[in-house]
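Source file: upload.cif (mmCIF, C-alpha atoms)
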```
data_start
loop_
_atom_site.label_atom_id
_atom_site.label_comp_id
_atom_site.auth_asym_id
_atom_site.auth_seq_id
_atom_site.Cartn_x
_atom_site.Cartn_y
_atom_site.Cartn_z
CA MET Y 287 45.68 16.79 -12.63
CA ASN Y 288 47.69 19.32 -10.63
CA ILE Y 289 48.71 19.03 -6.99
CA GLN Y 290 45.96 21.34 -5.79
CA THR Y 291 43.19 19.33 -7.44
CA ARG Y 292 44.61 16.03 -6.18
CA ALA Y 293 44.72 17.44 -2.66
CA SER Y 294 41.11 18.57 -2.97
CA PHE Y 295 40.05 15.10 -4.14
CA LYS Y 296 41.80 13.57 -1.14
CA LYS Y 297 40.21 16.08 1.21
CA GLU Y 298 36.68 15.37 -0.10
CA LEU Y 299 37.18 11.62 -0.07
CA MET Y 300 38.63 11.57 3.45
CA ALA Y 301 35.84 13.81 4.70
CA TYR Y 302 33.27 11.55 3.03
CA ILE Y 303 34.72 8.42 4.63
CA ARG Y 304 35.81 9.66 8.06
CA THR Y 305 32.51 11.38 8.82
CA TYR Y 306 30.82 8.04 7.97
CA ASN Y 307 28.61 9.78 5.43
CA LEU Y 308 29.63 7.28 2.75
CA LEU Y 309 28.69 4.42 5.05
CA ALA Y 310 25.41 6.11 5.94
CA VAL Y 311 24.51 6.69 2.27
CA ALA Y 312 25.28 3.04 1.47
CA LEU Y 313 23.28 1.74 4.43
CA VAL Y 314 20.27 3.92 3.58
CA ILE Y 315 20.09 3.02 -0.12
CA ILE Y 316 20.92 -0.67 0.23
CA GLY Y 317 18.84 -0.95 3.40
CA LEU Y 318 15.74 0.44 1.67
CA ALA Y 319 16.35 -1.83 -1.32
CA ILE Y 320 16.41 -4.89 0.93
CA PHE Y 321 13.65 -3.80 3.29
CA SER Y 322 11.08 -3.06 0.56
CA PRO Y 323 10.65 -6.62 -0.79
CA LEU Y 324 10.74 -8.00 2.75
CA LEU Y 325 7.97 -5.59 3.73
CA ILE Y 326 5.84 -6.56 0.72
CA ALA Y 327 6.31 -10.27 1.40
CA GLY Y 328 5.63 -9.80 5.12
CA THR Y 329 2.44 -7.89 4.37
CA GLY Y 330 1.26 -10.68 2.09
CA ALA Y 331 2.06 -13.33 4.70
CA LEU Y 332 0.24 -11.35 7.40
CA MET Y 333 -2.86 -10.94 5.25
CA ASP Y 334 -2.80 -14.66 4.44
CA ALA Y 335 -2.54 -15.52 8.15
CA MET Y 336 -5.52 -13.25 8.89
CA SER Y 337 -7.59 -14.56 5.97
CA ASP Y 338 -10.18 -16.06 8.36
CA VAL Y 339 -10.69 -12.67 9.97
CA TYR Y 340 -11.11 -11.01 6.59
CA ASP Y 341 -13.58 -13.74 5.52
CA GLU Y 342 -15.71 -13.05 8.56
CA MET Y 343 -15.74 -9.38 7.54
CA GLY Y 344 -16.80 -10.34 4.03
CA ILE Y 345 -13.53 -9.24 2.46
CA ASP Y 346 -11.82 -11.48 -0.08
CA VAL Y 347 -8.06 -10.93 0.12
CA SER Y 348 -7.00 -14.08 -1.72
CA ILE Y 349 -6.11 -12.25 -4.94
CA MET Y 350 -4.14 -9.61 -3.03
CA THR Y 351 -2.19 -12.13 -0.96
CA GLU Y 352 -1.41 -14.18 -4.07
CA MET Y 353 -0.08 -11.11 -5.85
CA LEU Y 354 1.98 -9.95 -2.87
CA GLY Y 355 3.57 -13.35 -2.39
CA THR Y 356 4.26 -14.47 -5.95
CA ALA Y 357 6.18 -12.21 -8.33
CA ALA Y 358 9.68 -10.92 -7.63
CA SER Y 359 8.94 -7.87 -9.78
CA ILE Y 360 6.66 -6.60 -7.00
CA GLY Y 361 9.59 -6.48 -4.59
CA VAL Y 362 12.05 -4.95 -7.05
CA THR Y 363 9.68 -2.22 -8.19
CA SER Y 364 8.94 -1.44 -4.56
CA SER Y 365 12.69 -1.01 -4.03
CA VAL Y 366 12.87 1.40 -6.98
CA GLU Y 367 10.15 3.53 -5.42
CA SER Y 368 11.86 3.49 -2.02
CA ILE Y 369 15.31 4.37 -3.39
CA THR Y 370 14.15 7.19 -5.67
CA GLY Y 371 11.72 8.46 -3.03
CA ALA Y 372 12.66 8.20 0.64
CA GLY Y 373 16.23 7.17 -0.21
CA LEU Y 374 16.82 10.29 -2.29
CA ILE Y 375 15.53 12.55 0.48
CA VAL Y 376 17.82 11.00 3.11
CA VAL Y 377 20.84 11.10 0.79
CA LEU Y 378 20.33 14.80 0.10
CA LEU Y 379 20.22 15.50 3.83
CA LEU Y 380 23.34 13.40 4.46
CA LEU Y 381 25.27 15.41 1.86
CA ASN Y 382 24.44 18.77 3.41
CA LYS Y 383 27.94 19.40 4.66
CA ALA Y 384 29.47 18.77 1.24
CA ALA Y 385 26.83 20.97 -0.39
CA GLY Y 386 27.94 24.23 1.18
CA GLY Y 387 27.50 23.35 4.84
CA GLU Y 388 31.24 23.43 5.40
CA GLN Y 389 31.34 27.07 4.29
CA LYS Y 390 28.95 28.12 7.01
CA LYS Y 391 30.97 26.33 9.69
CA ARG Y 392 34.25 27.76 8.40
CA ALA Y 393 35.46 24.18 7.95
CA VAL Y 394 36.85 25.03 4.53
CA ILE Y 395 38.83 28.14 3.76
CA ILE Y 396 39.05 29.38 0.20
CA PRO Y 397 41.96 31.86 0.18
CA LYS Y 398 42.02 33.01 -3.42
CA SER Y 399 44.90 35.31 -2.55
CA ALA Y 400 46.97 32.19 -1.81
CA GLY Y 401 46.13 30.65 -5.18
CA LEU Y 402 43.41 28.14 -4.27
CA ARG Y 403 41.12 28.01 -7.27
CA SER Y 404 37.38 27.47 -7.19
CA PHE Y 405 37.79 24.63 -9.69
CA ALA Y 406 39.78 22.59 -7.17
CA TYR Y 407 37.03 23.14 -4.59
CA ILE Y 408 34.02 22.41 -6.83
CA PHE Y 409 35.18 19.75 -9.28
CA PRO Y 410 35.91 16.91 -6.80
CA LYS Y 411 32.44 17.26 -5.29
CA PHE Y 412 30.75 16.70 -8.65
CA ILE Y 413 32.82 13.57 -9.20
CA ILE Y 414 32.96 11.85 -5.82
CA TYR Y 415 29.42 12.29 -4.50
CA PRO Y 416 27.29 11.67 -7.63
CA LEU Y 417 29.41 8.71 -8.77
CA SER Y 418 29.39 7.08 -5.33
CA VAL Y 419 25.60 7.40 -5.14
CA PHE Y 420 25.32 5.93 -8.66
CA VAL Y 421 27.47 2.88 -7.86
CA ILE Y 422 25.67 2.25 -4.56
CA THR Y 423 22.27 2.49 -6.27
CA VAL Y 424 23.19 -0.07 -8.93
CA ALA Y 425 24.48 -2.43 -6.23
CA ALA Y 426 21.30 -1.85 -4.21
CA MET Y 427 19.10 -2.92 -7.12
CA PHE Y 428 20.89 -6.26 -7.31
CA ALA Y 429 20.51 -6.63 -3.55
CA ALA Y 430 16.78 -5.98 -3.95
CA TRP Y 431 16.60 -8.63 -6.67
CA ALA Y 432 18.48 -11.17 -4.57
CA PHE Y 433 16.20 -10.72 -1.57
CA SER Y 434 13.12 -10.73 -3.82
CA LEU Y 435 14.18 -14.15 -5.10
CA LEU Y 436 14.38 -15.36 -1.51
CA VAL Y 437 10.90 -14.26 -0.46
CA PHE Y 438 8.88 -14.54 -3.69
CA ASP Y 439 7.99 -17.70 -5.59
CA VAL Y 440 8.29 -16.56 -9.20
CA ASN Y 441 11.35 -14.87 -10.71
CA ASP Y 442 9.87 -12.67 -13.46
CA VAL Y 443 12.81 -10.22 -13.44
CA THR Y 444 15.84 -10.49 -15.73
CA PHE Y 445 19.47 -9.56 -15.07
CA SER Y 446 19.40 -6.95 -17.83
CA GLY Y 447 16.22 -5.44 -16.43
CA VAL Y 448 17.72 -5.09 -12.95
CA LEU Y 449 20.94 -3.61 -14.36
CA LEU Y 450 19.10 -1.12 -16.55
CA SER Y 451 16.73 -0.15 -13.74
CA GLY Y 452 19.68 0.33 -11.38
CA ILE Y 453 21.48 2.55 -13.90
CA ILE Y 454 18.38 4.69 -14.48
CA SER Y 455 17.69 4.97 -10.74
CA GLY Y 456 21.34 5.94 -10.26
CA PHE Y 457 20.99 8.71 -12.83
CA CYS Y 458 17.87 9.92 -11.03
CA LEU Y 459 19.72 10.26 -7.73
CA MET Y 460 22.80 11.76 -9.40
CA LEU Y 461 20.66 14.48 -10.99
CA TYR Y 462 19.30 15.75 -7.68
CA VAL Y 463 22.64 15.35 -5.91
CA CYS Y 464 24.20 17.62 -8.54
CA PHE Y 465 21.37 20.13 -8.06
CA HIS Y 466 22.01 20.03 -4.31
CA LEU Y 467 25.76 20.53 -4.73
CA ALA Y 468 25.28 23.40 -7.17
CA LEU Y 469 22.71 25.32 -5.13
CA GLY Y 470 24.35 24.59 -1.80
CA THR Y 471 27.90 25.59 -2.76
CA ALA Y 472 26.65 28.65 -4.65
CA THR Y 473 24.70 30.02 -1.70
CA GLY Y 474 26.48 28.45 1.28
CA LYS Y 475 23.03 27.47 2.61
CA ALA Y 476 22.92 23.68 2.58
CA ALA Y 477 19.64 23.33 4.50
CA MET Y 478 17.83 25.63 2.09
CA SER Y 479 19.33 23.79 -0.87
CA ALA Y 480 18.23 20.41 0.51
CA ALA Y 481 14.69 21.72 1.06
CA VAL Y 482 14.48 23.03 -2.51
CA CYS Y 483 15.84 19.82 -4.03
CA ILE Y 484 13.58 17.60 -1.94
CA THR Y 485 10.56 19.67 -2.91
CA ALA Y 486 11.58 19.51 -6.57
CA SER Y 487 12.05 15.74 -6.43
CA ILE Y 488 8.49 15.40 -5.13
CA LEU Y 489 6.69 18.02 -7.21
CA LEU Y 490 8.38 17.71 -10.63
CA PRO Y 491 7.44 14.07 -11.30
CA ALA Y 492 3.92 14.75 -10.02
CA PHE Y 493 3.68 17.84 -12.25
CA PHE Y 494 4.69 15.96 -15.39
CA SER Y 495 2.30 13.16 -14.45
CA VAL Y 496 -0.62 15.58 -14.10
CA MET Y 497 0.32 17.23 -17.40
CA SER Y 498 0.38 13.76 -18.99
CA ALA Y 499 3.85 14.50 -20.30
CA GLU Y 500 5.74 11.69 -22.00
CA TYR Y 501 8.19 10.20 -19.51
CA MET Y 502 10.67 9.39 -22.26
CA PHE Y 503 13.13 12.22 -23.00
CA ASN Y 504 12.18 13.65 -19.61
CA PRO Y 505 15.13 13.54 -17.17
CA PHE Y 506 12.81 14.40 -14.29
CA ALA Y 507 10.83 11.21 -14.83
CA LEU Y 508 13.73 8.78 -14.63
CA ASN Y 509 12.16 7.14 -11.58
CA VAL Y 510 9.12 6.27 -13.70
CA VAL Y 511 11.37 4.82 -16.41
CA ALA Y 512 13.25 2.71 -13.83
CA TYR Y 513 9.92 1.40 -12.56
CA THR Y 514 8.55 0.49 -16.00
CA VAL Y 515 11.79 -1.25 -17.04
CA ILE Y 516 11.22 -3.89 -14.34
CA LEU Y 517 7.60 -4.44 -15.38
CA ASN Y 518 8.46 -4.66 -19.09
CA ASP Y 519 9.68 -8.14 -19.95
CA SER Y 520 11.42 -7.13 -23.17
CA ILE Y 521 12.90 -3.72 -23.99
CA THR Y 522 12.98 -2.90 -27.70
CA GLY Y 523 15.84 -1.11 -29.42
CA ALA Y 524 13.70 1.99 -29.86
CA GLU Y 525 12.91 2.07 -26.14
CA LEU Y 526 16.60 1.68 -25.30
CA THR Y 527 17.34 4.62 -27.56
CA ASP Y 528 14.70 6.70 -25.79
CA ILE Y 529 16.18 5.78 -22.41
CA ALA Y 530 19.69 6.65 -23.63
CA VAL Y 531 18.48 10.05 -24.81
CA SER Y 532 16.88 10.70 -21.40
CA ALA Y 533 20.17 9.78 -19.73
CA VAL Y 534 22.08 12.13 -22.04
CA PHE Y 535 19.66 14.94 -21.19
CA ALA Y 536 20.22 14.21 -17.48
CA LEU Y 537 24.00 14.29 -17.95
CA GLY Y 538 23.66 17.60 -19.78
CA ILE Y 539 21.70 19.08 -16.88
CA MET Y 540 24.30 17.80 -14.40
CA THR Y 541 27.05 19.43 -16.46
CA VAL Y 542 25.16 22.72 -16.50
CA ALA Y 543 24.71 22.46 -12.71
CA TYR Y 544 28.47 22.03 -12.32
CA PHE Y 545 29.29 25.09 -14.42
CA VAL Y 546 26.67 27.14 -12.56
CA ALA Y 547 28.28 26.14 -9.26
CA LEU Y 548 31.75 26.98 -10.59
CA PHE Y 549 30.62 30.34 -11.94
CA ALA Y 550 28.83 31.21 -8.69
CA GLN Y 551 31.89 30.24 -6.65
CA ASN Y 552 34.11 32.45 -8.77
CA ALA Y 553 31.66 35.33 -8.51
CA ARG Y 554 30.88 35.26 -4.80
CA LYS Y 555 33.07 35.95 -1.81
CA VAL Y 556 33.14 33.37 0.95
CA ASP Y 557 33.11 34.98 4.38
CA ASN Y 558 35.89 33.26 6.33
CA ARG Y 559 35.88 35.79 9.15
CA GLY Y 560 34.93 34.85 12.66
CA ASN Y 561 36.37 33.30 15.76
CA GLU Y 562 34.61 29.95 15.49
CA ILE Y 563 36.90 26.94 15.29
CA ASP Y 564 35.47 23.82 13.65
CA LEU Y 565 37.37 20.79 14.97
#
```
Let me see the structure of the file written as structure tokens.
Amino acid sequence: MNIQTRASFKKELMAYIRTYNLLAVALVIIGLAIFSPLLIAGTGALMDAMSDVYDEMGIDVSIMTEMLGTAASIGVTSSVESITGAGLIVVLLLLNKAAGGEQKKRAVIIPKSAGLRSFAYIFPKFIIYPLSVFVITVAAMFAAWAFSLLVFDVNDVTFSGVLLSGIISGFCLMLYVCFHLALGTATGKAAMSAAVCITASILLPAFFSVMSAEYMFNPFALNVVAYTVILNDSITGAELTDIAVSAVFALGIMTVAYFVALFAQNARKVDNRGNEIDL
């Protein structure tokens, strides 16, 4: 790794830490992972406390309260949905500055005449941000499991299931983060990129669900795979192979996104003119 690339890595990492974006991403993902099982358990406890009121209304909520207050898998799967849903949306918004927002504010200058290469600008982004989101997501799944064990009576979730679900959820977030970085740095319009990626994260899984498409081998249905892994007590070797193939497809798409961003950065000219000073 040459001096220029090392300096770019340091610049991205320091910007990530000193703007508190790394802390914010961690708090959002881990916070949602912890809050989801607590919310499910609290809802069950509230319904149980109001059982007399429901009985007077002729509504039997005993089965619902028993389900909401028994199995830890309910809390963990709820965390998967929160992380790959609301968590993904917030993370994409938090990474706006890294995904081209700095170009608009003239916070980064790319003087090709001075020898700064587009590779040194693009490559660190596709390493630091996706990998950090992946690690935080895996940690968040174990946090969700730990809190689910505290508030639910039955532990029907295994260590391997939590680990595998965390890895798959991490790949899901990494995929859309790479999309955001590619589109944002290519156009210099971070807000537009975030809107497109958020819309895609909502519509693509719904589209494949309506089309009854097989979720295996489908990198855009990784959130569904992460959900089913928790509910499935035993994963067969064939299913693990299918999941691995889906992950490879996702990695391939991320790699393509990186090269698209690099090509676009080499092809376009960043407008560094202007009197604005970004301190």
Evaluate the PyMOL selection byres ((chain Y and resi 361) around 12) and record the selected residues as a PDB file with C-alpha atoms, keeping the file's coordinate frame, following the chain and residue labels used in the document.
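Dumped to part.pdb:
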```
ATOM      1  CA  LEU Y 318      15.740   0.440   1.670  1.00  0.00           C
ATOM      2  CA  ALA Y 319      16.350  -1.830  -1.320  1.00  0.00           C
ATOM      3  CA  ILE Y 320      16.410  -4.890   0.930  1.00  0.00           C
ATOM      4  CA  PHE Y 321      13.650  -3.800   3.290  1.00  0.00           C
ATOM      5  CA  SER Y 322      11.080  -3.060   0.560  1.00  0.00           C
ATOM      6  CA  PRO Y 323      10.650  -6.620  -0.790  1.00  0.00           C
ATOM      7  CA  LEU Y 324      10.740  -8.000   2.750  1.00  0.00           C
ATOM      8  CA  LEU Y 325       7.970  -5.590   3.730  1.00  0.00           C
ATOM      9  CA  ILE Y 326       5.840  -6.560   0.720  1.00  0.00           C
ATOM     10  CA  ALA Y 327       6.310 -10.270   1.400  1.00  0.00           C
ATOM     11  CA  GLY Y 328       5.630  -9.800   5.120  1.00  0.00           C
ATOM     12  CA  THR Y 329       2.440  -7.890   4.370  1.00  0.00           C
ATOM     13  CA  GLY Y 330       1.260 -10.680   2.090  1.00  0.00           C
ATOM     14  CA  MET Y 353      -0.080 -11.110  -5.850  1.00  0.00           C
ATOM     15  CA  LEU Y 354       1.980  -9.950  -2.870  1.00  0.00           C
ATOM     16  CA  GLY Y 355       3.570 -13.350  -2.390  1.00  0.00           C
ATOM     17  CA  THR Y 356       4.260 -14.470  -5.950  1.00  0.00           C
ATOM     18  CA  ALA Y 357       6.180 -12.210  -8.330  1.00  0.00           C
ATOM     19  CA  ALA Y 358       9.680 -10.920  -7.630  1.00  0.00           C
ATOM     20  CA  SER Y 359       8.940  -7.870  -9.780  1.00  0.00           C
ATOM     21  CA  ILE Y 360       6.660  -6.600  -7.000  1.00  0.00           C
ATOM     22  CA  VAL Y 362      12.050  -4.950  -7.050  1.00  0.00           C
ATOM     23  CA  THR Y 363       9.680  -2.220  -8.190  1.00  0.00           C
ATOM     24  CA  SER Y 364       8.940  -1.440  -4.560  1.00  0.00           C
ATOM     25  CA  SER Y 365      12.690  -1.010  -4.030  1.00  0.00           C
ATOM     26  CA  VAL Y 366      12.870   1.400  -6.980  1.00  0.00           C
ATOM     27  CA  GLU Y 367      10.150   3.530  -5.420  1.00  0.00           C
ATOM     28  CA  SER Y 368      11.860   3.490  -2.020  1.00  0.00           C
ATOM     29  CA  MET Y 427      19.100  -2.920  -7.120  1.00  0.00           C
ATOM     30  CA  PHE Y 428      20.890  -6.260  -7.310  1.00  0.00           C
ATOM     31  CA  ALA Y 429      20.510  -6.630  -3.550  1.00  0.00           C
ATOM     32  CA  ALA Y 430      16.780  -5.980  -3.950  1.00  0.00           C
ATOM     33  CA  TRP Y 431      16.600  -8.630  -6.670  1.00  0.00           C
ATOM     34  CA  ALA Y 432      18.480 -11.170  -4.570  1.00  0.00           C
ATOM     35  CA  PHE Y 433      16.200 -10.720  -1.570  1.00  0.00           C
ATOM     36  CA  SER Y 434      13.120 -10.730  -3.820  1.00  0.00           C
ATOM     37  CA  LEU Y 435      14.180 -14.150  -5.100  1.00  0.00           C
ATOM     38  CA  LEU Y 436      14.380 -15.360  -1.510  1.00  0.00           C
ATOM     39  CA  VAL Y 437      10.900 -14.260  -0.460  1.00  0.00           C
ATOM     40  CA  PHE Y 438       8.880 -14.540  -3.690  1.00  0.00           C
ATOM     41  CA  ASP Y 439       7.990 -17.700  -5.590  1.00  0.00           C
ATOM     42  CA  VAL Y 440       8.290 -16.560  -9.200  1.00  0.00           C
ATOM     43  CA  ASN Y 441      11.350 -14.870 -10.710  1.00  0.00           C
ATOM     44  CA  ASP Y 442       9.870 -12.670 -13.460  1.00  0.00           C
ATOM     45  CA  VAL Y 443      12.810 -10.220 -13.440  1.00  0.00           C
ATOM     46  CA  VAL Y 448      17.720  -5.090 -12.950  1.00  0.00           C
ATOM     47  CA  TYR Y 513       9.920   1.400 -12.560  1.00  0.00           C
ATOM     48  CA  ILE Y 516      11.220  -3.890 -14.340  1.00  0.00           C
ATOM     49  CA  LEU Y 517       7.600  -4.440 -15.380  1.00  0.00           C
TER      50      LEU Y 517
END
```
Exercise. So which residues get picked by the PyMOL selection byres ((chain Y and resi 421) around 12) here, written as a PyMOL selection string?
Worked result: chain Y and resi 308+311-312+315-316+414-420+422-428+449+452-457+459-460
Taking C-alpha atoms for each residue, export the selection above as a PDB file, keeping the file's coordinate frame.
```pdb
ATOM      1  CA  LEU Y 308      29.630   7.280   2.750  1.00  0.00           C
ATOM      2  CA  VAL Y 311      24.510   6.690   2.270  1.00  0.00           C
ATOM      3  CA  ALA Y 312      25.280   3.040   1.470  1.00  0.00           C
ATOM      4  CA  ILE Y 315      20.090   3.020  -0.120  1.00  0.00           C
ATOM      5  CA  ILE Y 316      20.920  -0.670   0.230  1.00  0.00           C
ATOM      6  CA  ILE Y 414      32.960  11.850  -5.820  1.00  0.00           C
ATOM      7  CA  TYR Y 415      29.420  12.290  -4.500  1.00  0.00           C
ATOM      8  CA  PRO Y 416      27.290  11.670  -7.630  1.00  0.00           C
ATOM      9  CA  LEU Y 417      29.410   8.710  -8.770  1.00  0.00           C
ATOM     10  CA  SER Y 418      29.390   7.080  -5.330  1.00  0.00           C
ATOM     11  CA  VAL Y 419      25.600   7.400  -5.140  1.00  0.00           C
ATOM     12  CA  PHE Y 420      25.320   5.930  -8.660  1.00  0.00           C
ATOM     13  CA  ILE Y 422      25.670   2.250  -4.560  1.00  0.00           C
ATOM     14  CA  THR Y 423      22.270   2.490  -6.270  1.00  0.00           C
ATOM     15  CA  VAL Y 424      23.190  -0.070  -8.930  1.00  0.00           C
ATOM     16  CA  ALA Y 425      24.480  -2.430  -6.230  1.00  0.00           C
ATOM     17  CA  ALA Y 426      21.300  -1.850  -4.210  1.00  0.00           C
ATOM     18  CA  MET Y 427      19.100  -2.920  -7.120  1.00  0.00           C
ATOM     19  CA  PHE Y 428      20.890  -6.260  -7.310  1.00  0.00           C
ATOM     20  CA  LEU Y 449      20.940  -3.610 -14.360  1.00  0.00           C
ATOM     21  CA  GLY Y 452      19.680   0.330 -11.380  1.00  0.00           C
ATOM     22  CA  ILE Y 453      21.480   2.550 -13.900  1.00  0.00           C
ATOM     23  CA  ILE Y 454      18.380   4.690 -14.480  1.00  0.00           C
ATOM     24  CA  SER Y 455      17.690   4.970 -10.740  1.00  0.00           C
ATOM     25  CA  GLY Y 456      21.340   5.940 -10.260  1.00  0.00           C
ATOM     26  CA  PHE Y 457      20.990   8.710 -12.830  1.00  0.00           C
ATOM     27  CA  LEU Y 459      19.720  10.260  -7.730  1.00  0.00           C
ATOM     28  CA  MET Y 460      22.800  11.760  -9.400  1.00  0.00           C
TER      29      MET Y 460
END
```
Taking every listed atom of range 412-428 of chain Y and adding 3 Å to each side, what centre and edge lengths in Å (one decimal) does the axis-aligned box have, as AutoDock Vina command-line options?
```
--center_x 26.0 --center_y 5.2 --center_z -6.7 --size_x 19.9 --size_y 29.0 --size_z 11.0
```
Exercise. Residues at most 7 Å from range 290-296 of chain Y, counting all atoms listed in the file, excluding those fewer than 6 positions away in the same chain, as a PyMOL selection string?
Worked result: chain Y and resi 406-407+410
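With only C-alpha atoms as the atoms that count, the residue of Y:Leu489, Y:Leu450, Y:Ala301, Y:Leu467 with the shortest distance to Gly371 in chain Y is Y:Leu489.
With distances restricted to all atoms listed in the file, Y:Val376 is the closest residue to Leu313 in chain Y from Y:Val534, Y:Ile289, Y:Val376, Y:Cys483.
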Exercise. Using only C-alpha atoms, which of the listed residues (Y:Ala477, Y:Ala547, Y:Leu309, Y:Met540) sits closest to Pro505 in chain Y?
Worked result: Y:Met540
Problem set entry | Distance in Å - CA of Ile375 in chain Y versus CA of Val531 in chain Y | 25.6 Å
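Distance check against Tyr302 in chain Y using only C-alpha atoms: of Y:Leu461, Y:Ala384, Y:Leu526, Y:Leu379, the minimum falls on Y:Ala384.
Separating CA of Gly373 in chain Y from CA of Ala512 in chain Y is a distance of 14.6 Å.
CA of Ala530 in chain Y is positioned 29.1 Å from CA of Leu380 in chain Y.
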Exercise. Taking all atoms listed in the file into account, which of Y:Gln389, Y:Ser532, Y:Asn552, Y:Thr541 comes nearest Phe465 in chain Y?
Worked result: Y:Thr541
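When the distance limit is 7 Å and only C-alpha atoms are what count, the residues near Lys475 in chain Y, minus those fewer than 3 positions from it on the same chain, are Y:Gly386, Y:Gly387, Y:Gly470, Y:Met478, Y:Ser479.
Using all atoms listed in the file, the nearest neighbour of Thr485 in chain Y within the list Y:Ala550, Y:Ile303, Y:Leu374, Y:Ile539 is Y:Leu374.
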